[in-house]
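This report refers to the structure that appears directly beneath it.
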Amino acid sequence: MKTWQDKKEFKNKVLTVAKQLNIKVKSISLRPMKKKWASCSTAGNLNFNLDILEMEKKLGEYVIVHELLHFHVPNHGKLWKSLLRAYLGNYEKLEKKLKSIPS
């Protein structure tokens, strides 16, 4: 299982994916979060659970894409799910694995 080296590597991945999705990110924060893996604001601020650094990279990338897509679609409806599938393929597998990890 390959995890993130450090915050810098994780943040660089966020910026790379944001660029691919044509999303402008104002800030990226990693901090302790009790009930979720990430959140975003309409102002372009992204917050990630600090525990994501200990997570397998593939799952972390799912969380990154999941949050960034909310800048285009603010809900988890059909459009959002089809965009997630376009970028990650069979995302349901990753989603299921992520839900099995206590946040």
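Residues are named by chain letter and number: chains run A, B, ... in the order of the structure tokens, numbers start at 1 in each chain, and ligands are numbered from 1 in the order shown.
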
Please produce, as a Markdown table, a per-residue contact table for range 8-33 of chain A versus range 77-98 of chain A (criterion: any atom at most 12 Å away, only C-alpha atoms considered), showing the nearest atom pair and its distance in Å to one decimal, sorted by chain then residue number.
```
| residue | atom | partner | partner_atom | distance |
| --- | --- | --- | --- | --- |
| A:Val17 | CA | A:Tyr87 | CA | 10.0 |
| A:Gln20 | CA | A:Tyr87 | CA | 10.1 |
| A:Leu21 | CA | A:Tyr87 | CA | 9.4 |
```

Just list as a compact mmCIF listing (two decimals) with N, CA and C atoms, in the first residue's frame whatever in chain A DSSP marks as strand (DSSP E or B).
```txt
# COMPACT_ATOMS: atom_id res chain seq x y z
N THR A 3 1.36 5.12 0.42
CA THR A 3 0.72 6.29 1.00
C THR A 3 1.47 7.55 0.57
N SER A 27 -7.30 27.83 -1.78
CA SER A 27 -6.45 27.32 -0.69
C SER A 27 -6.71 25.83 -0.48
N ILE A 28 -5.68 25.16 0.03
CA ILE A 28 -5.77 23.74 0.37
C ILE A 28 -5.28 23.60 1.80
N SER A 29 -6.13 23.08 2.65
CA SER A 29 -5.75 22.88 4.05
C SER A 29 -5.88 21.42 4.42
N LEU A 30 -4.97 20.96 5.24
CA LEU A 30 -5.05 19.63 5.83
C LEU A 30 -5.16 19.84 7.33
N ARG A 31 -6.23 19.34 7.92
CA ARG A 31 -6.46 19.54 9.34
C ARG A 31 -7.25 18.37 9.91
N ALA A 38 -13.25 15.33 3.61
CA ALA A 38 -12.94 16.59 2.94
C ALA A 38 -14.18 17.47 2.86
N SER A 39 -13.93 18.74 2.57
CA SER A 39 -15.02 19.68 2.30
C SER A 39 -14.47 20.78 1.39
N CYS A 40 -15.39 21.50 0.75
CA CYS A 40 -14.97 22.60 -0.11
C CYS A 40 -15.97 23.74 0.01
N ASN A 45 -11.97 27.18 -1.55
CA ASN A 45 -11.17 26.64 -0.45
C ASN A 45 -11.45 25.14 -0.28
N LEU A 46 -10.39 24.37 -0.16
CA LEU A 46 -10.52 22.93 0.05
C LEU A 46 -9.92 22.57 1.41
N ASN A 47 -10.64 21.73 2.14
CA ASN A 47 -10.16 21.22 3.42
C ASN A 47 -10.14 19.71 3.34
N PHE A 48 -9.03 19.12 3.75
CA PHE A 48 -8.91 17.67 3.77
C PHE A 48 -8.56 17.20 5.17
N ASN A 49 -9.10 16.06 5.53
CA ASN A 49 -8.79 15.43 6.81
C ASN A 49 -7.31 15.08 6.82
N GLU A 56 -4.09 5.08 1.52
CA GLU A 56 -3.60 4.60 0.23
C GLU A 56 -3.84 5.69 -0.82
```

| field | Nearest-residue call for Ala43 in chain A, choices A:Thr16, A:Leu59, A:Phe71, A:Asn22, using only C-alpha atoms | value | A:Phe71

| message | Can you tell me, as number ranges by chain, which residues in chain A count as alpha helix (DSSP H) by DSSP? | response | A: 7-20, 57-69, 78-88, 91-99

| task | For Lys35 in chain A, work out the shell of residues within 10 Å, counting only C-alpha atoms and skipping chain neighbours fewer than 2 positions away, then give it as a list in words. | result |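 Using only C-alpha atoms, the neighbours found are Pro32, Met33, Trp37, Ala38, Asn49, Pro102 and Ser103 of chain A.
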
Selection above as a file: all heavy atoms, as a PDB file, in the first residue's frame:
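Output file again14.pdb follows:
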```pdb
ATOM      1  N   PRO A  32      -7.235  18.199  11.212  1.00  0.00           N
ATOM      2  CA  PRO A  32      -8.039  17.120  11.793  1.00  0.00           C
ATOM      3  C   PRO A  32      -9.522  17.370  11.529  1.00  0.00           C
ATOM      4  O   PRO A  32     -10.008  18.495  11.685  1.00  0.00           O
ATOM      5  CB  PRO A  32      -7.736  17.211  13.290  1.00  0.00           C
ATOM      6  CG  PRO A  32      -6.456  17.974  13.394  1.00  0.00           C
ATOM      7  CD  PRO A  32      -6.443  18.905  12.212  1.00  0.00           C
ATOM      8  N   MET A  33     -10.221  16.356  11.107  1.00  0.00           N
ATOM      9  CA  MET A  33     -11.660  16.429  10.886  1.00  0.00           C
ATOM     10  C   MET A  33     -12.267  15.170  11.513  1.00  0.00           C
ATOM     11  O   MET A  33     -11.740  14.079  11.325  1.00  0.00           O
ATOM     12  CB  MET A  33     -11.990  16.492   9.388  1.00  0.00           C
ATOM     13  CG  MET A  33     -11.446  17.733   8.702  1.00  0.00           C
ATOM     14  SD  MET A  33     -11.660  17.708   6.905  1.00  0.00           S
ATOM     15  CE  MET A  33     -13.250  18.478   6.756  1.00  0.00           C
ATOM     16  N   TRP A  37     -13.956  13.261   5.257  1.00  0.00           N
ATOM     17  CA  TRP A  37     -12.614  13.239   4.657  1.00  0.00           C
ATOM     18  C   TRP A  37     -12.248  14.560   4.027  1.00  0.00           C
ATOM     19  O   TRP A  37     -11.074  14.877   3.905  1.00  0.00           O
ATOM     20  CB  TRP A  37     -12.519  12.109   3.626  1.00  0.00           C
ATOM     21  CG  TRP A  37     -12.540  10.769   4.261  1.00  0.00           C
ATOM     22  CD1 TRP A  37     -13.550   9.846   4.227  1.00  0.00           C
ATOM     23  CD2 TRP A  37     -11.511  10.189   5.061  1.00  0.00           C
ATOM     24  NE1 TRP A  37     -13.208   8.741   4.962  1.00  0.00           N
ATOM     25  CE2 TRP A  37     -11.956   8.923   5.478  1.00  0.00           C
ATOM     26  CE3 TRP A  37     -10.252  10.614   5.477  1.00  0.00           C
ATOM     27  CZ2 TRP A  37     -11.186   8.081   6.289  1.00  0.00           C
ATOM     28  CZ3 TRP A  37      -9.486   9.783   6.281  1.00  0.00           C
ATOM     29  CH2 TRP A  37      -9.957   8.531   6.674  1.00  0.00           C
ATOM     30  N   ALA A  38     -13.248  15.331   3.609  1.00  0.00           N
ATOM     31  CA  ALA A  38     -12.941  16.592   2.936  1.00  0.00           C
ATOM     32  C   ALA A  38     -14.179  17.474   2.862  1.00  0.00           C
ATOM     33  O   ALA A  38     -15.310  17.002   3.042  1.00  0.00           O
ATOM     34  CB  ALA A  38     -12.415  16.322   1.536  1.00  0.00           C
ATOM     35  N   ASN A  49      -9.095  16.063   5.535  1.00  0.00           N
ATOM     36  CA  ASN A  49      -8.791  15.434   6.806  1.00  0.00           C
ATOM     37  C   ASN A  49      -7.306  15.078   6.818  1.00  0.00           C
ATOM     38  O   ASN A  49      -6.800  14.453   5.888  1.00  0.00           O
ATOM     39  CB  ASN A  49      -9.649  14.175   6.956  1.00  0.00           C
ATOM     40  CG  ASN A  49      -9.549  13.545   8.308  1.00  0.00           C
ATOM     41  OD1 ASN A  49      -8.500  13.534   8.948  1.00  0.00           O
ATOM     42  ND2 ASN A  49     -10.655  12.970   8.757  1.00  0.00           N
ATOM     43  N   PRO A 102     -12.753   4.171   9.190  1.00  0.00           N
ATOM     44  CA  PRO A 102     -13.336   5.204  10.071  1.00  0.00           C
ATOM     45  C   PRO A 102     -12.671   6.557   9.831  1.00  0.00           C
ATOM     46  O   PRO A 102     -11.454   6.645   9.773  1.00  0.00           O
ATOM     47  CB  PRO A 102     -13.045   4.693  11.476  1.00  0.00           C
ATOM     48  CG  PRO A 102     -12.125   3.536  11.349  1.00  0.00           C
ATOM     49  CD  PRO A 102     -12.018   3.166   9.894  1.00  0.00           C
ATOM     50  N   SER A 103     -13.485   7.591   9.628  1.00  0.00           N
ATOM     51  CA  SER A 103     -12.925   8.941   9.410  1.00  0.00           C
ATOM     52  C   SER A 103     -12.846   9.699  10.715  1.00  0.00           C
ATOM     53  O   SER A 103     -13.320   9.298  11.727  1.00  0.00           O
ATOM     54  CB  SER A 103     -13.768   9.717   8.409  1.00  0.00           C
ATOM     55  OG  SER A 103     -15.094   9.822   8.839  1.00  0.00           O
TER      56      SER A 103
END
```

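Nearest to Val65 in chain A of all the residues A:Ala18, A:Lys24, A:Asn12, A:Lys2 is A:Ala18, counting only C-alpha atoms.
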